[in-house]
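A.B. asks: I am sharing structure.pdb, which consists of PDB, C-alpha atoms, pLDDT in the B column:
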ATOM      1  CA  MET A   1     177.084  74.968 105.384  1.00 69.00           C
ATOM      2  CA  GLU A   2     173.997  73.260 103.979  1.00 78.00           C
ATOM      3  CA  LYS A   3     170.856  72.733 106.013  1.00 87.00           C
ATOM      4  CA  LEU A   4     170.260  69.038 106.527  1.00 94.00           C
ATOM      5  CA  GLU A   5     166.920  67.255 106.869  1.00 94.00           C
ATOM      6  CA  LYS A   6     166.062  65.835 110.308  1.00 93.00           C
ATOM      7  CA  LYS A   7     166.678  62.250 109.117  1.00 92.00           C
ATOM      8  CA  GLN A   8     170.102  63.255 107.766  1.00 95.00           C
ATOM      9  CA  GLU A   9     170.958  64.982 111.049  1.00 95.00           C
ATOM     10  CA  LYS A  10     169.896  61.926 113.043  1.00 92.00           C
ATOM     11  CA  VAL A  11     171.989  59.544 110.914  1.00 94.00           C
ATOM     12  CA  LEU A  12     175.018  61.866 110.899  1.00 96.00           C
ATOM     13  CA  LYS A  13     174.818  62.279 114.682  1.00 95.00           C
ATOM     14  CA  ALA A  14     174.623  58.486 115.144  1.00 94.00           C
ATOM     15  CA  ILE A  15     177.599  57.934 112.817  1.00 96.00           C
ATOM     16  CA  ILE A  16     179.745  60.490 114.623  1.00 96.00           C
ATOM     17  CA  GLN A  17     178.821  59.372 118.132  1.00 94.00           C
ATOM     18  CA  ASN A  18     179.472  55.743 117.223  1.00 94.00           C
ATOM     19  CA  TYR A  19     182.788  56.608 115.582  1.00 95.00           C
ATOM     20  CA  ILE A  20     183.872  58.620 118.636  1.00 95.00           C
ATOM     21  CA  GLU A  21     183.034  55.655 120.888  1.00 94.00           C
ATOM     22  CA  THR A  22     184.506  52.856 118.749  1.00 94.00           C
ATOM     23  CA  GLY A  23     186.970  54.425 116.316  1.00 95.00           C
ATOM     24  CA  LYS A  24     185.563  52.147 113.629  1.00 94.00           C
ATOM     25  CA  PRO A  25     183.487  52.816 110.499  1.00 95.00           C
ATOM     26  CA  ILE A  26     179.791  52.090 110.979  1.00 93.00           C
ATOM     27  CA  ALA A  27     177.557  50.210 108.553  1.00 90.00           C
ATOM     28  CA  SER A  28     173.926  51.010 107.786  1.00 88.00           C
ATOM     29  CA  ASN A  29     172.626  47.855 109.457  1.00 87.00           C
ATOM     30  CA  LYS A  30     174.240  48.934 112.754  1.00 88.00           C
ATOM     31  CA  LEU A  31     172.591  52.357 112.492  1.00 89.00           C
ATOM     32  CA  VAL A  32     169.121  50.820 112.458  1.00 86.00           C
ATOM     33  CA  ASP A  33     169.559  50.118 116.175  1.00 77.00           C
ATOM     34  CA  CYS A  34     171.306  53.428 116.941  1.00 73.00           C
ATOM     35  CA  CYS A  35     168.776  55.704 115.271  1.00 70.00           C
ATOM     36  CA  GLY A  36     165.808  54.255 117.127  1.00 62.00           C
ATOM     37  CA  SER A  37     163.510  55.064 114.254  1.00 62.00           C
ATOM     38  CA  LYS A  38     161.555  53.074 111.753  1.00 76.00           C
ATOM     39  CA  LEU A  39     164.172  53.504 109.039  1.00 82.00           C
ATOM     40  CA  SER A  40     165.296  50.382 107.235  1.00 86.00           C
ATOM     41  CA  SER A  41     168.969  49.753 106.524  1.00 86.00           C
ATOM     42  CA  ALA A  42     168.185  50.478 102.846  1.00 89.00           C
ATOM     43  CA  SER A  43     166.729  53.895 103.759  1.00 91.00           C
ATOM     44  CA  ILE A  44     169.748  54.596 105.933  1.00 92.00           C
ATOM     45  CA  ARG A  45     172.073  53.681 103.024  1.00 91.00           C
ATOM     46  CA  VAL A  46     170.268  56.244 100.840  1.00 94.00           C
ATOM     47  CA  ILE A  47     170.663  58.893 103.551  1.00 94.00           C
ATOM     48  CA  MET A  48     174.330  57.940 103.994  1.00 95.00           C
ATOM     49  CA  ALA A  49     174.886  58.262 100.225  1.00 94.00           C
ATOM     50  CA  GLY A  50     173.449  61.785 100.399  1.00 96.00           C
ATOM     51  CA  LEU A  51     175.673  62.676 103.340  1.00 97.00           C
ATOM     52  CA  GLU A  52     178.636  61.296 101.451  1.00 96.00           C
ATOM     53  CA  GLU A  53     177.748  63.434  98.420  1.00 96.00           C
ATOM     54  CA  LEU A  54     177.626  66.487 100.699  1.00 97.00           C
ATOM     55  CA  GLU A  55     181.038  65.437 102.096  1.00 97.00           C
ATOM     56  CA  TYR A  56     179.902  64.972 105.707  1.00 98.00           C
ATOM     57  CA  ILE A  57     181.001  61.322 105.745  1.00 98.00           C
ATOM     58  CA  TRP A  58     183.193  59.078 103.618  1.00 96.00           C
ATOM     59  CA  GLN A  59     183.817  55.414 103.020  1.00 93.00           C
ATOM     60  CA  PRO A  60     187.467  54.377 103.456  1.00 89.00           C
ATOM     61  CA  TYR A  61     187.035  51.450 101.052  1.00 87.00           C
ATOM     62  CA  THR A  62     184.187  49.779  99.188  1.00 84.00           C
ATOM     63  CA  SER A  63     182.998  47.264 101.785  1.00 83.00           C
ATOM     64  CA  ALA A  64     183.631  49.517 104.803  1.00 86.00           C
ATOM     65  CA  GLY A  65     181.091  51.474 106.775  1.00 91.00           C
ATOM     66  CA  ARG A  66     181.209  55.265 106.881  1.00 95.00           C
ATOM     67  CA  ILE A  67     183.254  57.649 108.993  1.00 96.00           C
ATOM     68  CA  PRO A  68     182.865  61.394 109.537  1.00 97.00           C
ATOM     69  CA  THR A  69     184.874  63.987 107.645  1.00 98.00           C
ATOM     70  CA  ASP A  70     186.155  67.258 109.088  1.00 97.00           C
ATOM     71  CA  LYS A  71     183.051  68.917 107.638  1.00 97.00           C
ATOM     72  CA  GLY A  72     180.865  66.329 109.368  1.00 97.00           C
ATOM     73  CA  TYR A  73     182.563  66.929 112.701  1.00 96.00           C
ATOM     74  CA  ARG A  74     182.193  70.697 112.277  1.00 96.00           C
ATOM     75  CA  PHE A  75     178.450  70.333 111.623  1.00 96.00           C
ATOM     76  CA  TYR A  76     178.147  68.058 114.653  1.00 96.00           C
ATOM     77  CA  VAL A  77     179.907  70.531 116.949  1.00 95.00           C
ATOM     78  CA  ASP A  78     178.043  73.570 115.592  1.00 93.00           C
ATOM     79  CA  GLN A  79     174.554  72.070 115.203  1.00 93.00           C
ATOM     80  CA  LEU A  80     174.058  68.657 116.796  1.00 93.00           C
ATOM     81  CA  MET A  81     176.219  68.326 119.881  1.00 90.00           C
ATOM     82  CA  GLU A  82     174.374  68.636 123.159  1.00 86.00           C
ATOM     83  CA  LEU A  83     176.383  70.125 125.981  1.00 82.00           C
ATOM     84  CA  PRO A  84     175.626  69.065 129.520  1.00 84.00           C
ATOM     85  CA  GLU A  85     174.347  71.693 131.940  1.00 88.00           C
ATOM     86  CA  LEU A  86     177.033  72.857 134.364  1.00 87.00           C
ATOM     87  CA  GLY A  87     176.371  72.376 138.046  1.00 90.00           C
ATOM     88  CA  LYS A  88     176.750  75.160 140.606  1.00 91.00           C
ATOM     89  CA  LYS A  89     180.154  73.852 141.704  1.00 92.00           C
ATOM     90  CA  ASP A  90     181.491  73.872 138.115  1.00 89.00           C
ATOM     91  CA  LYS A  91     180.131  77.360 137.419  1.00 87.00           C
ATOM     92  CA  LYS A  92     181.707  78.689 140.611  1.00 89.00           C
ATOM     93  CA  TYR A  93     185.052  77.117 139.676  1.00 89.00           C
ATOM     94  CA  LEU A  94     184.997  78.620 136.179  1.00 85.00           C
ATOM     95  CA  LEU A  95     184.156  82.062 137.565  1.00 86.00           C
ATOM     96  CA  SER A  96     187.064  81.783 139.995  1.00 86.00           C
ATOM     97  CA  LEU A  97     189.395  80.979 137.091  1.00 85.00           C
ATOM     98  CA  LYS A  98     188.131  84.009 135.211  1.00 75.00           C
ATOM     99  CA  SER A  99     188.856  86.311 138.151  1.00 73.00           C
ATOM    100  CA  VAL A 100     192.348  84.841 138.637  1.00 67.00           C
ATOM    101  CA  HIS A 101     193.271  85.378 134.985  1.00 60.00           C
ATOM    102  CA  SER A 102     191.807  88.886 134.797  1.00 58.00           C
ATOM    103  CA  SER A 103     193.852  89.963 137.821  1.00 54.00           C
ATOM    104  CA  ASP A 104     197.046  88.770 136.071  1.00 55.00           C
ATOM    105  CA  VAL A 105     196.575  91.380 133.313  1.00 52.00           C
ATOM    106  CA  LYS A 106     198.404  94.659 134.050  1.00 54.00           C
TER     107      LYS A 106
END
Please lay out the structure from this file as structure tokens.
C.D. replies:
Amino acid sequence: MEKLEKKQEKVLKAIIQNYIETGKPIASNKLVDCCGSKLSSASIRVIMAGLEELEYIWQPYTSAGRIPTDKGYRFYVDQLMELPELGKKDKKYLLSLKSVHSSDVK
């Protein structure tokens, strides 16, 4: 998988998170607010075109925004997704599950 520039990663992450939340394609002008940077919608369109060329996102039809591809989701899960820290209670529960399942093996 290619190494993306920080701006590309930021835009891809915003596209995927927005798509997960809304289920709708997202346009460049909506990403200006999401990215929280000083990128114009024109700059974001250029970045989106690059991501589309790399097959991380695609445009369902000409006037639509962009949505993630399987490759885009894979990059997000492997590189961009931030997992929350587990609390003590959750860790203890997971360890108890591990011990239950390992005792089932004979």
A.B. asks: So the first atom is atom CA of A:Leu39 and the second is atom CA of A:Lys7; what is the distance between them in Å, to one decimal place?
C.D. replies: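 Result for atom CA of A:Leu39 versus atom CA of A:Lys7: 9.1 Å, one decimal.
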A.B. asks: Expressed in Å to a single decimal, how great is the separation between atom CA of A:Glu53 and atom CA of A:Thr22?
C.D. replies: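 Computing the Euclidean distance for atom CA of A:Glu53 and atom CA of A:Thr22 yields 23.9 Å.
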A.B. asks: Give as a PyMOL selection string the set of residues within 12 Å of the point (177.7, 47.3, 113.8), where distances use the file's coordinates and only C-alpha atoms.
C.D. replies: chain A and resi 14-15+18-19+22-34+41+64-66
A.B. asks: Set the distance at 10 Å and use only C-alpha atoms: which residues neighbour A:Lys71 once local chain neighbours fewer than 2 positions away are removed? I'd like the list as a PyMOL selection string.
C.D. replies: chain A and resi 1+54-57+68-69+73-77
A.B. asks: What is the atom CA of A:Glu82-atom CA of A:Lys13 distance in Å, reported with one decimal?
C.D. replies: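 A separation of 10.6 Å between them.
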A.B. asks: Check the smallest atom-to-atom distance from each of A:Val11, A:Leu86, A:Leu97, A:Ile20 to A:Ser40 using all atoms listed in the file, then report the winner.
C.D. replies: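 That would be A:Val11, the residue with the smallest distance to A:Ser40.
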A.B. asks: Residues within 12 Å of A:Lys6, please, as a list of chain:residue names. Count all atoms listed in the file; anything in the same chain fewer than 2 positions from it doesn't count.
C.D. replies: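 Close residues of A:Lys6: A:Lys3, A:Leu4, A:Gln8, A:Glu9, A:Lys10, A:Val11, A:Leu12, A:Lys13, A:Cys35, A:Ser37, A:Ile47, A:Gln79, A:Leu80.
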A.B. asks: What are the centre and the three edge lengths of an axis-aligned box that wraps all atoms of stretch 6-25 of chain A in the file, given that 5 Å is added to every side, written as JSON and rounded to one decimal in Å?
C.D. replies:
{"center_x": 176.5, "center_y": 59.0, "center_z": 114.3, "size_x": 30.9, "size_y": 23.7, "size_z": 23.1}
A.B. asks: Nearest to A:Met81: which of A:Tyr61, A:Gln17, A:Ile44, A:Glu2 is it, counting only C-alpha atoms?
C.D. replies: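 With only C-alpha atoms as the atom set, the closest residue is A:Gln17.
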A.B. asks: Between A:Glu21, A:Asp78, A:Ile67, A:Lys98, which residue has the minimum interatomic distance to A:Met48, considering all atoms listed in the file?
C.D. replies: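 The shortest atom-to-atom distance to A:Met48 comes from A:Ile67.
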A.B. asks: Extract chain A from the coordinates I pasted, and write it as an mmCIF file, in the first residue's frame (atoms kept: C-alpha atoms).
C.D. replies:
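Result file follows (decode12.cif):
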data_model
loop_
_atom_site.group_PDB
_atom_site.id
_atom_site.type_symbol
_atom_site.label_atom_id
_atom_site.label_comp_id
_atom_site.auth_asym_id
_atom_site.auth_seq_id
_atom_site.Cartn_x
_atom_site.Cartn_y
_atom_site.Cartn_z
ATOM 1 C CA MET A 1 0.000 0.000 0.000
ATOM 2 C CA GLU A 2 1.281 3.456 -0.914
ATOM 3 C CA LYS A 3 2.439 5.950 1.677
ATOM 4 C CA LEU A 4 0.146 8.953 1.691
ATOM 5 C CA GLU A 5 1.051 12.556 2.497
ATOM 6 C CA LYS A 6 -0.327 13.997 5.754
ATOM 7 C CA LYS A 7 -2.871 16.148 3.870
ATOM 8 C CA GLN A 8 -4.083 13.083 1.947
ATOM 9 C CA GLU A 9 -4.391 11.100 5.182
ATOM 10 C CA LYS A 10 -6.351 13.909 6.828
ATOM 11 C CA VAL A 11 -8.788 14.212 3.902
ATOM 12 C CA LEU A 12 -9.206 10.434 3.571
ATOM 13 C CA LYS A 13 -9.856 10.100 7.311
ATOM 14 C CA ALA A 14 -12.470 12.889 7.165
ATOM 15 C CA ILE A 15 -14.180 11.287 4.150
ATOM 16 C CA ILE A 16 -14.361 7.878 5.809
ATOM 17 C CA GLN A 17 -15.506 9.150 9.198
ATOM 18 C CA ASN A 18 -18.184 11.292 7.569
ATOM 19 C CA TYR A 19 -19.338 8.417 5.370
ATOM 20 C CA ILE A 20 -19.538 6.083 8.379
ATOM 21 C CA GLU A 21 -21.657 8.657 10.236
ATOM 22 C CA THR A 22 -23.965 9.694 7.375
ATOM 23 C CA GLY A 23 -23.841 6.964 4.734
ATOM 24 C CA LYS A 24 -23.711 9.695 2.106
ATOM 25 C CA PRO A 25 -20.981 10.845 -0.297
ATOM 26 C CA ILE A 26 -19.150 13.947 0.901
ATOM 27 C CA ALA A 27 -18.268 16.971 -1.217
ATOM 28 C CA SER A 28 -15.077 19.013 -0.974
ATOM 29 C CA ASN A 29 -16.855 22.075 0.402
ATOM 30 C CA LYS A 30 -18.120 20.013 3.365
ATOM 31 C CA LEU A 31 -14.587 18.778 4.071
ATOM 32 C CA VAL A 32 -13.321 22.318 4.589
ATOM 33 C CA ASP A 33 -15.147 22.322 7.931
ATOM 34 C CA CYS A 34 -14.248 18.715 8.811
ATOM 35 C CA CYS A 35 -10.519 18.981 8.182
ATOM 36 C CA GLY A 36 -10.061 22.012 10.408
ATOM 37 C CA SER A 37 -7.159 23.207 8.326
ATOM 38 C CA LYS A 38 -6.518 26.114 6.051
ATOM 39 C CA LEU A 39 -7.202 24.092 2.915
ATOM 40 C CA SER A 40 -9.594 25.586 0.402
ATOM 41 C CA SER A 41 -12.277 23.467 -1.240
ATOM 42 C CA ALA A 42 -10.216 23.689 -4.459
ATOM 43 C CA SER A 43 -7.147 22.265 -2.674
ATOM 44 C CA ILE A 44 -9.294 19.529 -1.176
ATOM 45 C CA ARG A 45 -10.654 18.671 -4.658
ATOM 46 C CA VAL A 46 -7.067 18.246 -5.901
ATOM 47 C CA ILE A 47 -6.271 15.968 -2.952
ATOM 48 C CA MET A 48 -9.501 14.024 -3.541
ATOM 49 C CA ALA A 49 -8.585 13.587 -7.227
ATOM 50 C CA GLY A 50 -5.248 12.111 -6.136
ATOM 51 C CA LEU A 51 -6.949 9.766 -3.688
ATOM 52 C CA GLU A 52 -9.344 8.736 -6.417
ATOM 53 C CA GLU A 53 -6.422 8.003 -8.757
ATOM 54 C CA LEU A 54 -4.881 5.826 -6.034
ATOM 55 C CA GLU A 55 -8.277 4.085 -5.665
ATOM 56 C CA TYR A 56 -8.860 5.041 -2.019
ATOM 57 C CA ILE A 57 -12.117 6.835 -2.850
ATOM 58 C CA TRP A 58 -14.526 6.971 -5.774
ATOM 59 C CA GLN A 59 -17.298 9.143 -7.105
ATOM 60 C CA PRO A 60 -20.573 7.271 -7.710
ATOM 61 C CA TYR A 61 -21.621 9.757 -10.402
ATOM 62 C CA THR A 62 -20.344 13.042 -11.805
ATOM 63 C CA SER A 63 -22.018 15.530 -9.461
ATOM 64 C CA ALA A 64 -21.740 13.346 -6.340
ATOM 65 C CA GLY A 65 -19.254 13.667 -3.533
ATOM 66 C CA ARG A 66 -16.751 10.904 -2.824
ATOM 67 C CA ILE A 67 -17.070 7.674 -0.878
ATOM 68 C CA PRO A 68 -14.384 5.282 0.361
ATOM 69 C CA THR A 69 -13.404 2.124 -1.485
ATOM 70 C CA ASP A 70 -12.413 -1.159 0.147
ATOM 71 C CA LYS A 71 -8.788 -0.063 -0.242
ATOM 72 C CA GLY A 72 -9.601 3.225 1.491
ATOM 73 C CA TYR A 73 -11.263 1.438 4.389
ATOM 74 C CA ARG A 74 -8.300 -0.937 4.700
ATOM 75 C CA PHE A 75 -5.868 1.999 4.883
ATOM 76 C CA TYR A 76 -8.088 3.671 7.476
ATOM 77 C CA VAL A 77 -8.208 0.570 9.680
ATOM 78 C CA ASP A 78 -4.488 -0.189 9.322
ATOM 79 C CA GLN A 79 -3.082 3.355 9.510
ATOM 80 C CA LEU A 80 -5.552 6.036 10.580
ATOM 81 C CA MET A 81 -8.094 4.591 12.978
ATOM 82 C CA GLU A 82 -7.575 5.517 16.600
ATOM 83 C CA LEU A 83 -8.688 2.909 19.085
ATOM 84 C CA PRO A 84 -9.913 4.020 22.474
ATOM 85 C CA GLU A 85 -7.932 2.954 25.530
ATOM 86 C CA LEU A 86 -9.608 0.115 27.422
ATOM 87 C CA GLY A 87 -10.538 0.743 31.023
ATOM 88 C CA LYS A 88 -9.596 -1.613 33.853
ATOM 89 C CA LYS A 89 -13.079 -3.152 33.894
ATOM 90 C CA ASP A 90 -12.943 -3.937 30.148
ATOM 91 C CA LYS A 91 -9.436 -5.401 30.381
ATOM 92 C CA LYS A 92 -10.474 -7.608 33.295
ATOM 93 C CA TYR A 93 -13.526 -8.820 31.357
ATOM 94 C CA LEU A 94 -11.466 -9.671 28.271
ATOM 95 C CA LEU A 95 -8.925 -11.571 30.371
ATOM 96 C CA SER A 96 -11.745 -13.549 31.975
ATOM 97 C CA LEU A 97 -13.034 -14.490 28.516
ATOM 98 C CA LYS A 98 -9.572 -15.641 27.516
ATOM 99 C CA SER A 99 -9.300 -17.921 30.550
ATOM 100 C CA VAL A 100 -12.781 -19.377 29.957
ATOM 101 C CA HIS A 101 -11.995 -20.231 26.333
ATOM 102 C CA SER A 102 -8.549 -21.660 27.080
ATOM 103 C CA SER A 103 -10.026 -24.013 29.681
ATOM 104 C CA ASP A 104 -12.485 -25.346 27.062
ATOM 105 C CA VAL A 105 -9.594 -26.719 24.967
ATOM 106 C CA LYS A 106 -8.763 -30.361 25.796
#
